[in-house]
>>> print(open('model_17.cif').read())   # mmCIF, C-alpha atoms and all ligand atoms
data_structure
#
loop_
_atom_site.label_atom_id
_atom_site.label_comp_id
_atom_site.auth_asym_id
_atom_site.auth_seq_id
_atom_site.Cartn_x
_atom_site.Cartn_y
_atom_site.Cartn_z
CA MET A 4 -57.08 -189.08 -125.30
CA SER A 5 -58.88 -185.83 -126.06
CA HIS A 6 -58.87 -184.47 -129.59
CA SER A 7 -56.38 -181.68 -128.86
CA THR A 8 -54.04 -184.00 -126.94
CA SER A 9 -53.95 -186.36 -129.87
CA ARG A 10 -53.15 -183.48 -132.21
CA THR A 11 -50.39 -182.21 -129.90
CA HIS A 12 -48.95 -185.70 -129.71
CA PHE A 13 -49.06 -186.04 -133.51
CA ILE A 14 -47.26 -182.73 -134.12
CA ASN A 15 -44.69 -183.47 -131.40
CA SER A 16 -43.88 -186.84 -132.89
CA LEU A 17 -43.32 -185.24 -136.31
CA ALA A 18 -41.06 -182.63 -134.68
CA ASP A 19 -39.07 -185.43 -133.00
CA ASN A 20 -38.62 -187.25 -136.29
CA LEU A 21 -37.46 -184.06 -137.98
CA SER A 22 -34.94 -183.40 -135.19
CA THR A 23 -33.60 -186.90 -135.60
CA LEU A 24 -33.15 -186.32 -139.34
CA ARG A 25 -31.28 -183.08 -138.61
CA ALA A 26 -29.10 -184.73 -135.97
CA GLN A 27 -28.22 -187.51 -138.45
CA GLY A 28 -27.31 -184.94 -141.10
CA LEU A 29 -30.04 -186.38 -143.34
CA TYR A 30 -32.34 -183.36 -143.41
CA LYS A 31 -32.56 -181.86 -146.88
CA PRO A 32 -32.58 -178.06 -146.91
CA GLU A 33 -33.70 -176.28 -150.09
CA ARG A 34 -31.52 -173.79 -151.91
CA VAL A 35 -33.56 -170.79 -152.98
CA ILE A 36 -32.77 -169.42 -156.43
CA ALA A 37 -33.75 -165.85 -157.19
CA SER A 38 -33.02 -165.92 -160.93
CA ARG A 39 -33.91 -168.09 -163.91
CA GLN A 40 -32.48 -171.59 -164.02
CA GLY A 41 -29.33 -171.77 -166.11
CA ALA A 42 -25.60 -172.36 -166.40
CA GLU A 43 -25.30 -169.60 -163.81
CA VAL A 44 -27.87 -168.77 -161.16
CA THR A 45 -28.28 -166.14 -158.46
CA CYS A 46 -29.34 -167.42 -155.06
CA ASP A 47 -31.53 -165.54 -152.58
CA ASP A 48 -28.40 -164.61 -150.60
CA GLY A 49 -27.23 -162.68 -153.67
CA ARG A 50 -24.50 -165.14 -154.64
CA HIS A 51 -23.84 -165.84 -158.32
CA LEU A 52 -22.95 -169.47 -158.90
CA ILE A 53 -22.03 -171.74 -161.76
CA ASN A 54 -24.74 -174.37 -161.61
CA LEU A 55 -23.60 -177.98 -161.90
CA CYS A 56 -26.59 -179.73 -160.38
CA ALA A 57 -29.63 -179.17 -162.59
CA ASN A 58 -31.12 -181.75 -164.97
CA ASN A 59 -30.91 -178.93 -167.50
CA TYR A 60 -29.00 -181.11 -169.96
CA LEU A 61 -29.79 -179.14 -173.10
CA GLY A 62 -29.70 -175.78 -171.34
CA LEU A 63 -33.30 -174.93 -172.21
CA SER A 64 -34.86 -174.40 -168.77
CA GLY A 65 -34.20 -170.67 -168.47
CA ASP A 66 -33.58 -170.07 -172.14
CA GLU A 67 -35.31 -167.11 -173.77
CA SER A 68 -36.52 -169.28 -176.67
CA MET A 69 -38.55 -171.34 -174.18
CA VAL A 70 -39.99 -168.30 -172.50
CA GLN A 71 -41.11 -166.98 -175.89
CA ALA A 72 -42.52 -170.35 -176.99
CA SER A 73 -44.51 -170.68 -173.78
CA ILE A 74 -45.84 -167.12 -174.11
CA ALA A 75 -46.88 -167.81 -177.70
CA ALA A 76 -48.72 -170.99 -176.64
CA THR A 77 -50.36 -169.17 -173.73
CA GLU A 78 -51.53 -166.38 -176.07
CA LYS A 79 -53.06 -168.87 -178.46
CA PHE A 80 -54.44 -171.55 -176.10
CA GLY A 81 -54.87 -169.69 -172.81
CA TYR A 82 -53.54 -170.34 -169.35
CA GLY A 83 -55.19 -173.65 -168.54
CA LEU A 84 -58.07 -176.01 -169.30
CA SER A 85 -59.71 -176.66 -165.93
CA SER A 86 -60.35 -180.18 -167.14
CA VAL A 87 -58.91 -183.64 -167.50
CA ARG A 88 -58.10 -184.67 -171.04
CA PHE A 89 -61.19 -186.74 -171.84
CA ILE A 90 -63.78 -184.20 -170.74
CA CYS A 91 -62.71 -180.92 -172.33
CA GLY A 92 -58.94 -180.75 -171.72
CA THR A 93 -57.52 -181.79 -175.08
CA GLN A 94 -56.34 -179.07 -177.46
CA THR A 95 -54.65 -179.36 -180.82
CA VAL A 96 -51.34 -178.55 -179.14
CA HIS A 97 -51.62 -181.65 -176.92
CA LYS A 98 -52.32 -183.90 -179.90
CA GLU A 99 -49.45 -182.34 -181.87
CA LEU A 100 -47.06 -182.81 -178.96
CA GLU A 101 -48.05 -186.47 -178.54
CA LYS A 102 -47.46 -187.03 -182.23
CA ALA A 103 -44.09 -185.27 -182.12
CA ILE A 104 -42.88 -187.26 -179.10
CA ALA A 105 -43.93 -190.54 -180.73
CA GLY A 106 -42.15 -189.53 -183.92
CA PHE A 107 -39.02 -188.51 -182.05
CA LEU A 108 -38.86 -191.77 -180.09
CA GLY A 109 -39.81 -193.98 -183.02
CA THR A 110 -43.05 -195.29 -181.52
CA GLU A 111 -46.61 -195.41 -182.86
CA ASP A 112 -48.28 -193.22 -180.27
CA CYS A 113 -47.79 -191.30 -177.04
CA ILE A 114 -49.87 -190.14 -174.06
CA LEU A 115 -49.09 -187.08 -171.91
CA TYR A 116 -49.14 -186.90 -168.11
CA ALA A 117 -48.60 -184.09 -165.61
CA ALA A 118 -45.26 -185.70 -164.69
CA ALA A 119 -43.14 -188.75 -165.43
CA PHE A 120 -43.94 -189.78 -161.86
CA ASP A 121 -47.55 -190.10 -163.01
CA ALA A 122 -46.58 -191.82 -166.25
CA ASN A 123 -44.76 -194.52 -164.25
CA GLY A 124 -47.45 -194.56 -161.59
CA GLY A 125 -50.15 -195.18 -164.17
CA VAL A 126 -48.51 -197.52 -166.66
CA PHE A 127 -48.56 -200.94 -165.00
CA GLU A 128 -51.97 -201.37 -163.42
CA PRO A 129 -54.00 -200.94 -166.66
CA LEU A 130 -51.76 -203.29 -168.67
CA PHE A 131 -50.83 -206.14 -166.31
CA ASP A 132 -52.57 -208.27 -163.66
CA GLU A 133 -51.90 -211.24 -161.39
CA ASN A 134 -51.26 -213.48 -164.39
CA ASP A 135 -48.26 -211.41 -165.41
CA ALA A 136 -44.71 -210.73 -164.20
CA ILE A 137 -42.84 -207.43 -163.86
CA ILE A 138 -39.08 -207.88 -163.73
CA SER A 139 -37.48 -204.71 -162.39
CA ASP A 140 -33.90 -203.48 -161.88
CA ALA A 141 -33.20 -203.10 -158.14
CA LEU A 142 -32.18 -199.46 -158.55
CA ASN A 143 -35.14 -198.31 -160.65
CA HIS A 144 -36.62 -194.89 -159.91
CA ALA A 145 -39.05 -194.50 -157.00
CA SER A 146 -41.93 -193.80 -159.38
CA ILE A 147 -41.44 -197.18 -161.11
CA ILE A 148 -41.38 -198.90 -157.73
CA ASP A 149 -44.60 -197.13 -156.73
CA GLY A 150 -46.25 -197.91 -160.07
CA ILE A 151 -45.43 -201.60 -159.69
CA ARG A 152 -46.89 -201.56 -156.17
CA LEU A 153 -50.22 -200.38 -157.58
CA CYS A 154 -50.41 -203.35 -159.93
CA LYS A 155 -51.34 -206.94 -159.11
CA ALA A 156 -48.66 -208.53 -161.29
CA GLU A 157 -46.07 -210.74 -159.62
CA ARG A 158 -42.85 -208.81 -158.91
CA PHE A 159 -39.36 -210.00 -159.70
CA ARG A 160 -36.35 -207.86 -158.89
CA TYR A 161 -32.93 -208.32 -160.47
CA THR A 162 -29.61 -207.11 -159.07
CA HIS A 163 -28.81 -203.70 -160.53
CA ASN A 164 -27.49 -203.93 -164.08
CA ASP A 165 -26.75 -207.65 -163.60
CA MET A 166 -27.67 -209.54 -166.77
CA ALA A 167 -27.03 -212.97 -165.25
CA ASP A 168 -29.53 -212.22 -162.49
CA LEU A 169 -31.98 -210.78 -165.00
CA GLU A 170 -31.81 -214.10 -166.84
CA THR A 171 -32.41 -215.99 -163.59
CA GLN A 172 -35.48 -213.85 -162.88
CA LEU A 173 -36.77 -214.35 -166.44
CA GLN A 174 -36.50 -218.10 -165.89
CA ALA A 175 -38.32 -217.77 -162.56
CA ALA A 176 -41.11 -215.85 -164.32
CA ALA A 177 -41.41 -218.33 -167.19
CA GLY A 178 -44.80 -219.62 -166.02
CA LYS A 179 -46.51 -216.23 -166.18
CA ARG A 180 -48.71 -215.08 -169.08
CA HIS A 181 -46.79 -211.90 -170.00
CA ARG A 182 -43.40 -210.79 -168.74
CA ILE A 183 -42.05 -207.25 -168.89
CA ILE A 184 -38.51 -206.15 -168.07
CA VAL A 185 -38.40 -202.62 -166.66
CA THR A 186 -35.31 -200.44 -166.34
CA ASP A 187 -34.21 -196.84 -166.15
CA GLY A 188 -32.48 -196.11 -169.47
CA VAL A 189 -29.89 -194.17 -167.47
CA PHE A 190 -29.50 -194.39 -163.68
CA SER A 191 -29.17 -190.88 -162.35
CA MET A 192 -26.93 -191.44 -159.33
CA ASP A 193 -24.08 -193.04 -161.27
CA GLY A 194 -24.80 -192.09 -164.88
CA THR A 195 -24.90 -195.83 -165.62
CA ILE A 196 -26.44 -196.63 -169.01
CA ALA A 197 -28.66 -199.72 -169.01
CA GLN A 198 -27.39 -202.53 -171.25
CA LEU A 199 -30.37 -202.37 -173.56
CA ASP A 200 -28.75 -204.43 -176.31
CA ARG A 201 -28.33 -207.37 -173.93
CA ILE A 202 -31.68 -206.72 -172.26
CA CYS A 203 -33.47 -206.85 -175.63
CA ASP A 204 -31.66 -210.09 -176.53
CA LEU A 205 -32.74 -211.65 -173.23
CA ALA A 206 -36.27 -210.37 -173.77
CA ASP A 207 -36.36 -212.09 -177.18
CA GLN A 208 -34.94 -215.30 -175.74
CA TYR A 209 -37.46 -215.41 -172.85
CA ASP A 210 -40.43 -213.92 -174.70
CA ALA A 211 -40.63 -210.75 -172.60
CA LEU A 212 -41.59 -207.15 -173.26
CA VAL A 213 -39.20 -204.27 -172.45
CA MET A 214 -39.97 -200.93 -170.83
CA ILE A 215 -37.47 -198.10 -170.27
CA ASP A 216 -37.71 -194.87 -168.29
CA GLU A 217 -35.87 -192.24 -170.30
CA CYS A 218 -35.94 -189.29 -167.91
CA HIS A 219 -32.14 -188.92 -167.97
CA ALA A 220 -31.80 -189.76 -171.67
CA SER A 221 -34.54 -188.28 -173.88
CA GLY A 222 -33.19 -185.40 -175.94
CA PHE A 223 -29.48 -186.21 -175.84
CA MET A 224 -28.55 -189.90 -175.61
CA GLY A 225 -27.74 -191.47 -178.98
CA LYS A 226 -26.48 -189.86 -182.14
CA THR A 227 -29.59 -187.75 -182.68
CA GLY A 228 -30.68 -187.55 -179.05
CA ARG A 229 -33.63 -189.96 -179.22
CA GLY A 230 -32.49 -191.77 -176.11
CA THR A 231 -30.85 -194.86 -174.70
CA HIS A 232 -32.54 -197.06 -177.31
CA GLU A 233 -30.80 -195.07 -180.03
CA HIS A 234 -27.51 -195.14 -178.09
CA HIS A 235 -27.68 -198.95 -177.97
CA HIS A 236 -29.11 -199.38 -181.49
CA VAL A 237 -32.32 -201.04 -180.28
CA MET A 238 -34.87 -198.53 -181.60
CA GLY A 239 -37.99 -200.49 -182.52
CA ARG A 240 -37.25 -203.22 -179.95
CA ILE A 241 -38.56 -201.33 -176.89
CA ASP A 242 -42.26 -201.81 -176.12
CA ILE A 243 -42.90 -198.98 -173.67
CA ILE A 244 -40.95 -195.74 -173.11
CA THR A 245 -41.70 -193.33 -170.29
CA GLY A 246 -40.03 -189.97 -169.94
CA THR A 247 -40.20 -186.41 -168.66
CA LEU A 248 -40.57 -182.96 -170.15
CA GLY A 249 -39.04 -181.63 -166.93
CA LYS A 250 -35.38 -182.35 -167.60
CA ALA A 251 -33.62 -182.08 -170.97
CA LEU A 252 -36.78 -181.46 -172.99
CA GLY A 253 -37.42 -177.99 -171.63
CA GLY A 254 -37.37 -178.41 -167.86
CA ALA A 255 -40.84 -177.22 -166.86
CA MET A 256 -42.85 -180.33 -166.05
CA GLY A 257 -44.86 -183.04 -167.70
CA GLY A 258 -44.35 -186.66 -168.57
CA PHE A 259 -45.27 -189.18 -171.22
CA THR A 260 -45.59 -192.82 -172.12
CA ALA A 261 -44.90 -193.94 -175.69
CA GLY A 262 -45.45 -197.27 -177.40
CA ARG A 263 -47.79 -199.25 -179.66
CA LYS A 264 -51.15 -197.62 -180.29
CA GLU A 265 -53.06 -200.38 -178.47
CA VAL A 266 -50.93 -199.78 -175.37
CA ILE A 267 -51.44 -196.02 -175.47
CA ASP A 268 -55.15 -196.32 -176.20
CA THR A 269 -55.55 -198.66 -173.21
CA LEU A 270 -53.78 -196.13 -171.00
CA ARG A 271 -56.10 -193.35 -172.23
CA GLN A 272 -59.06 -195.48 -171.20
CA LYS A 273 -57.76 -196.79 -167.88
CA SER A 274 -54.66 -195.03 -166.52
CA ARG A 275 -55.71 -193.30 -163.31
CA PRO A 276 -53.24 -190.37 -163.23
CA TYR A 277 -54.41 -189.57 -166.78
CA LEU A 278 -58.13 -189.98 -166.15
CA PHE A 279 -58.26 -188.18 -162.81
CA SER A 280 -55.70 -185.38 -163.07
CA ASN A 281 -55.65 -182.10 -164.96
CA THR A 282 -54.34 -181.72 -168.47
CA LEU A 283 -50.83 -180.37 -169.10
CA ALA A 284 -50.81 -176.55 -169.31
CA PRO A 285 -50.86 -175.32 -172.93
CA SER A 286 -47.76 -173.17 -172.32
CA ILE A 287 -45.79 -176.32 -171.49
CA ALA A 288 -47.28 -178.36 -174.31
CA GLY A 289 -46.51 -175.64 -176.85
CA ALA A 290 -42.99 -174.98 -175.61
CA SER A 291 -42.22 -178.73 -175.45
CA LEU A 292 -43.40 -179.05 -179.04
CA SER A 293 -40.96 -176.33 -180.06
CA VAL A 294 -38.14 -178.27 -178.37
CA LEU A 295 -38.92 -181.43 -180.34
CA GLN A 296 -39.02 -179.47 -183.58
CA ARG A 297 -35.65 -177.96 -182.73
CA LEU A 298 -34.09 -181.32 -181.84
CA ALA A 299 -35.41 -182.92 -185.01
CA ALA A 300 -33.80 -180.13 -187.06
CA SER A 301 -30.37 -180.10 -185.44
CA THR A 302 -28.16 -182.09 -183.06
CA GLU A 303 -26.28 -178.95 -182.04
CA LEU A 304 -27.42 -178.94 -178.40
CA ARG A 305 -26.74 -182.62 -177.72
CA ASP A 306 -23.38 -182.31 -179.49
CA ARG A 307 -22.42 -179.37 -177.30
CA LEU A 308 -23.52 -181.30 -174.21
CA GLN A 309 -21.36 -184.22 -175.27
CA ALA A 310 -18.33 -181.95 -175.82
CA ASN A 311 -18.86 -180.33 -172.40
CA THR A 312 -19.19 -183.75 -170.78
CA GLU A 313 -15.99 -185.03 -172.37
CA HIS A 314 -14.12 -181.86 -171.37
CA PHE A 315 -15.25 -181.99 -167.74
CA ARG A 316 -14.76 -185.74 -167.34
CA HIS A 317 -11.24 -185.50 -168.75
CA ASP A 318 -10.10 -182.51 -166.72
CA ILE A 319 -11.63 -183.52 -163.37
CA ALA A 320 -9.90 -186.92 -163.62
CA ALA A 321 -6.64 -185.22 -164.61
CA LEU A 322 -6.85 -183.15 -161.40
CA GLY A 323 -6.71 -186.42 -159.47
CA PHE A 324 -10.36 -186.81 -158.49
CA THR A 325 -12.00 -190.23 -158.63
CA ILE A 326 -15.02 -190.25 -160.91
CA LYS A 327 -17.33 -193.04 -161.94
CA PRO A 328 -16.15 -193.82 -165.46
CA GLY A 329 -18.63 -193.39 -168.29
CA THR A 330 -19.89 -191.04 -170.96
CA HIS A 331 -23.08 -189.60 -169.47
CA PRO A 332 -23.36 -185.91 -168.40
CA VAL A 333 -24.00 -187.15 -164.85
CA VAL A 334 -20.47 -187.22 -163.41
CA PRO A 335 -20.23 -188.61 -159.86
CA VAL A 336 -17.11 -187.16 -158.20
CA MET A 337 -16.47 -189.73 -155.49
CA LEU A 338 -15.57 -188.53 -152.00
CA PHE A 339 -16.78 -191.70 -150.19
CA ASP A 340 -17.21 -190.03 -146.77
CA ALA A 341 -20.54 -188.28 -146.13
CA HIS A 342 -19.03 -185.56 -143.97
CA ILE A 343 -16.34 -184.75 -146.54
CA ALA A 344 -18.93 -184.66 -149.34
CA GLN A 345 -20.91 -182.07 -147.36
CA GLN A 346 -17.80 -180.01 -146.53
CA PHE A 347 -16.65 -180.13 -150.13
CA ALA A 348 -20.02 -178.99 -151.49
CA ALA A 349 -20.14 -176.19 -148.91
CA ARG A 350 -16.65 -174.99 -149.86
CA LEU A 351 -17.52 -175.08 -153.57
CA TYR A 352 -20.58 -172.96 -152.79
CA GLU A 353 -18.29 -170.34 -151.22
CA LEU A 354 -16.09 -170.55 -154.30
CA GLY A 355 -19.07 -169.92 -156.58
CA VAL A 356 -20.02 -173.42 -157.73
CA LEU A 357 -23.37 -175.03 -157.01
CA VAL A 358 -23.20 -178.81 -156.50
CA THR A 359 -24.98 -181.12 -154.09
CA GLY A 360 -23.44 -183.74 -151.83
CA PHE A 361 -25.14 -187.14 -151.94
CA PHE A 362 -24.69 -189.67 -149.18
CA TYR A 363 -26.44 -192.58 -147.50
CA PRO A 364 -29.32 -193.44 -147.85
CA VAL A 365 -29.51 -191.78 -151.31
CA VAL A 366 -26.36 -193.69 -152.33
CA PRO A 367 -24.83 -196.76 -150.61
CA MET A 368 -22.88 -196.32 -147.35
CA GLY A 369 -19.28 -195.25 -148.04
CA GLN A 370 -20.15 -194.04 -151.55
CA ALA A 371 -20.72 -190.34 -150.79
CA ARG A 372 -20.12 -187.99 -153.67
CA VAL A 373 -20.94 -184.73 -155.34
CA ARG A 374 -22.89 -185.35 -158.50
CA VAL A 375 -21.95 -182.99 -161.32
CA GLN A 376 -24.40 -182.60 -164.19
CA LEU A 377 -23.22 -180.95 -167.37
CA SER A 378 -25.39 -178.80 -169.60
CA ALA A 379 -25.18 -177.65 -173.20
CA ALA A 380 -25.53 -174.15 -171.76
CA HIS A 381 -22.17 -174.26 -169.95
CA THR A 382 -19.42 -172.32 -171.69
CA THR A 383 -15.87 -173.68 -171.69
CA GLU A 384 -14.93 -170.71 -169.54
CA GLN A 385 -17.57 -171.56 -166.94
CA LEU A 386 -16.44 -175.18 -166.85
CA ASN A 387 -12.81 -174.15 -166.42
CA THR A 388 -13.74 -171.76 -163.61
CA ALA A 389 -15.64 -174.59 -161.93
CA LEU A 390 -12.71 -176.98 -162.42
CA ASN A 391 -10.38 -174.45 -160.77
CA ALA A 392 -12.75 -174.28 -157.81
CA PHE A 393 -12.77 -178.09 -157.58
CA ALA A 394 -8.96 -178.03 -157.62
CA GLN A 395 -8.77 -175.40 -154.88
CA ALA A 396 -11.37 -177.04 -152.61
CA GLY A 397 -9.80 -180.45 -153.28
CA ARG A 398 -6.33 -179.25 -152.21
CA GLU A 399 -7.68 -177.48 -149.15
CA LEU A 400 -9.44 -180.65 -148.00
CA LYS A 401 -6.38 -182.72 -148.99
CA LEU A 402 -8.40 -184.78 -151.44
CA ILE A 403 -5.92 -184.17 -154.25
CA LYS A 404 -2.28 -183.03 -154.44
C1 LIG A 501 -36.94 -187.37 -162.61
C2 LIG A 501 -37.36 -188.78 -162.85
C3 LIG A 501 -38.71 -189.15 -162.84
C4 LIG A 501 -39.79 -188.18 -162.47
O1 LIG A 501 -39.95 -187.21 -163.47
P1 LIG A 501 -41.01 -186.03 -163.25
O2 LIG A 501 -41.45 -185.66 -164.60
O3 LIG A 501 -40.25 -184.94 -162.55
O4 LIG A 501 -42.10 -186.56 -162.39
C5 LIG A 501 -39.05 -190.45 -163.16
N1 LIG A 501 -38.09 -191.36 -163.47
C6 LIG A 501 -36.77 -191.05 -163.46
C7 LIG A 501 -35.76 -192.09 -163.82
C8 LIG A 501 -36.37 -189.75 -163.14
O5 LIG A 501 -35.07 -189.45 -163.12
#
>>> encode(input="model_17.cif", output="structure tokens", more="lines below")
Ligand SMILES: *Cc1c(COP(=O)(O)O)cnc(C)c1O
Amino acid sequence: MSHSTSRTHFINSLADNLSTLRAQGLYKPERVIASRQGAEVTCDDGRHLINLCANNYLGLSGDESMVQASIAATEKFGYGLSSVRFICGTQTVHKELEKAIAGFLGTEDCILYAAAFDANGGVFEPLFDENDAIISDALNHASIIDGIRLCKAERFRYTHNDMADLETQLQAAAGKRHRIIVTDGVFSMDGTIAQLDRICDLADQYDALVMIDECHASGFMGKTGRGTHEHHHVMGRIDIITGTLGKALGGAMGGFTAGRKEVIDTLRQKSRPYLFSNTLAPSIAGASLSVLQRLAASTELRDRLQANTEHFRHDIAALGFTIKPGTHPVVPVMLFDAHIAQQFAARLYELGVLVTGFFYPVVPMGQARVRVQLSAAHTTEQLNTALNAFAQAGRELKLIK
């Protein structure tokens, strides 16, 4: 095959695969937003919508305070560093942010990454090898799965949120040198909160470490927003915490790993996404630091998020919709059928509400839904307007009476 024929064949085969995705209704188009992120957004077609599908839990993403904090950090520290951390990419603001995150989470130390995907991708390989066991919840985030793949440790997978199976896997891993249980603190498709109290008890019983990914928890879970470990009263019993600066804690980007200083120091020496990728922009580091200072001073934002969550969960159920029960600001409104979930989301868009339909393979077959995510930035009026739109679309599609 000549060079150009091979290239033509390659491009054609990609085009075929993309057509198949479209035909199966599995192609993911991207909504284009023409405004700041927030409780309301304007799309590129000029529509104003109430936004119920951002991970903007504390409402900070488009908030003026964040814009000002990032400008202030940019003024002081410049636009970027053109360096990885260990060469000449560490500024005082990065050290202060690491200290603030560690303090907030109740750990000794913390290391920053460009994303939580990198934090998870770079956490296992430096710390564990073929003598060790990683025991992972079956529904853990893709970045945890990829991180485990990069590590030589033996892999054990337990049925999602199933403590009996976790115990079975701990027993199976008993012969290994070190064992670590790994779980999302909160699972984002269902809003399920990991049973960290029971997980920590099992870890003690079977001499295992515990790692949690707090991307859907840091900043608002628990009484003072420290996370799932605070929610379950196990602060101090978690060995490794990974998380993102790209959701509740400001919404730009950036990730971190927190834990004992020996763990963090080892990652600084050996973690590949840290060693071989650029330092976090000073604007993000400075603005993230301002978020942590704000959260340490007041629980106002997480309290408002909780009130909004309770309001929405109560009223959407009262309308007759089926939701996954729980307390998390992720509220899956179950529609079961993929086609109906798409129709429902499309109708809500026309009615001025932005939600996304999720269906197989993102969620199990027959479990299609729209996933609502509440924010501290939503006003009661916005939530009530959205609830009215749910009611109207639900009646039109004969989902509720
Ligand atoms: C969003 C998410 C990530 C990735 O976070 P980024 O900072 O955007 O890379 C990792 N883990 C979980 C559980 C997430 O929800």
>>> residues_near_point(input="model_17.cif", point="(-55.2, -199.5, -164.5)", cutoff="9 Å", atoms="all atoms listed in the file", output="JSON, numbers by chain")
{"A": [125, 126, 127, 128, 129, 130, 131, 153, 154, 269, 270, 272, 273, 274, 275]}
>>> atom_distance(input="model_17.cif", atom1="atom CA of Asp200 of chain A", atom2="atom CA of Ile215 of chain A")
12.4 Å
>>> atom_distance(input="model_17.cif", atom1="atom CA of Asp48 of chain A", atom2="atom CA of Glu33 of chain A")
12.8 Å
>>> atom_distance(input="model_17.cif", atom1="atom CA of Leu386 of chain A", atom2="atom CA of Met368 of chain A")
29.5 Å
>>> closest_atom_pairs(input="model_17.cif", of="segment 168-247 of chain A", to="segment 304-327 of chain A", cutoff="12 Å", atoms="all atoms listed in the file", output="tab-separated table")
residue	atom	partner	partner_atom	distance
A:Met192	CA	A:Lys327	CA	10.1
A:Asp193	CA	A:Lys327	CA	6.8
A:Gly194	CA	A:Lys327	CA	8.1
A:Thr195	CA	A:Lys327	CA	8.9
A:Ala220	CA	A:Arg305	CA	10.6
A:Ser221	CA	A:Arg305	CA	10.4
A:Gly222	CA	A:Arg305	CA	7.2
A:Phe223	CA	A:Arg305	CA	4.9
A:Met224	CA	A:Arg305	CA	7.8
A:Gly225	CA	A:Arg305	CA	9.0
A:Lys226	CA	A:Arg305	CA	8.5
A:Thr227	CA	A:Arg305	CA	7.7
A:Gly228	CA	A:Arg305	CA	6.4
A:Arg229	CA	A:Arg305	CA	10.2
A:Gly230	CA	A:Arg305	CA	10.9
>>> closest_residue(input="model_17.cif", among="A:Thr186, A:Thr95, A:Glu78, A:Arg240", to="Asp204 of chain A", atoms="all atoms listed in the file")
A:Arg240
>>> residues_around(input="model_17.cif", residues="Ala103 of chain A", least_positions_apart="6", cutoff="12 Å", atoms="all atoms listed in the file", output="list of chain:residue names")
A:Val96, A:His97, A:Gly109, A:Thr110, A:Glu111, A:Asp112, A:Cys113, A:Ile114, A:Leu115, A:Arg229, A:Phe259, A:Ala261, A:Ala288, A:Gly289, A:Ser291, A:Leu292, A:Ser293, A:Val294, A:Leu295, A:Gln296, A:Arg297, A:Leu298, A:Ala299
>>> residues_near_point(input="model_17.cif", point="(-11.0, -185.0, -148.7)", cutoff="7 Å", atoms="all atoms listed in the file", output="PyMOL selection string")
chain A and resi 338+343+397+400-402
>>> residues_near_ligand(input="model_17.cif", ligand="ligand LIG 501 (chain A)", cutoff="8 Å", atoms="only C-alpha atoms and all ligand atoms", output="NGL selection string")
:A and (117-123 or 143-147 or 187-191 or 216-219 or 245-250 or 256-258)
>>> closest_residue(input="model_17.cif", among="A:Ala197, A:Leu357, A:Ile287, A:Leu351", to="Glu399 of chain A", atoms="all atoms listed in the file")
A:Leu351
>>> residues_around(input="model_17.cif", residues="Thr162 of chain A", least_positions_apart="5", cutoff="10 Å", atoms="all atoms listed in the file", output="list in words")
Ser139, Asp140, Ala141, Leu142, Ala167, Asp168, Leu169 and Gln172 of chain A
>>> write_last_selection(input="model_17.cif", atoms="C-alpha atoms", output="PDB file, in the coordinates of the input")
ATOM      1  CA  SER A 139     -37.480-204.710-162.390  1.00  0.00           C
ATOM      2  CA  ASP A 140     -33.900-203.480-161.880  1.00  0.00           C
ATOM      3  CA  ALA A 141     -33.200-203.100-158.140  1.00  0.00           C
ATOM      4  CA  LEU A 142     -32.180-199.460-158.550  1.00  0.00           C
ATOM      5  CA  ALA A 167     -27.030-212.970-165.250  1.00  0.00           C
ATOM      6  CA  ASP A 168     -29.530-212.220-162.490  1.00  0.00           C
ATOM      7  CA  LEU A 169     -31.980-210.780-165.000  1.00  0.00           C
ATOM      8  CA  GLN A 172     -35.480-213.850-162.880  1.00  0.00           C
TER       9      GLN A 172
END
>>> closest_residue(input="model_17.cif", among="A:Thr260, A:Ala26, A:Ala72, A:Glu233", to="Gly124 of chain A", atoms="all atoms listed in the file")
A:Thr260
>>> closest_residue(input="model_17.cif", among="A:Thr388, A:Gln345, A:Asn281, A:Asn54", to="Val358 of chain A", atoms="only C-alpha atoms")
A:Asn54
>>> closest_residue(input="model_17.cif", among="A:Ile138, A:Asp340, A:Val356, A:Pro364", to="Leu52 of chain A", atoms="only C-alpha atoms")
A:Val356
>>> residues_around(input="model_17.cif", residues="Leu55 of chain A", least_positions_apart="6", cutoff="12 Å", atoms="all atoms listed in the file", output="ChimeraX atom specification")
/A:40-44,62,311-312,315,332-336,348,351-352,355-360,373-381,385-386,388-390,393
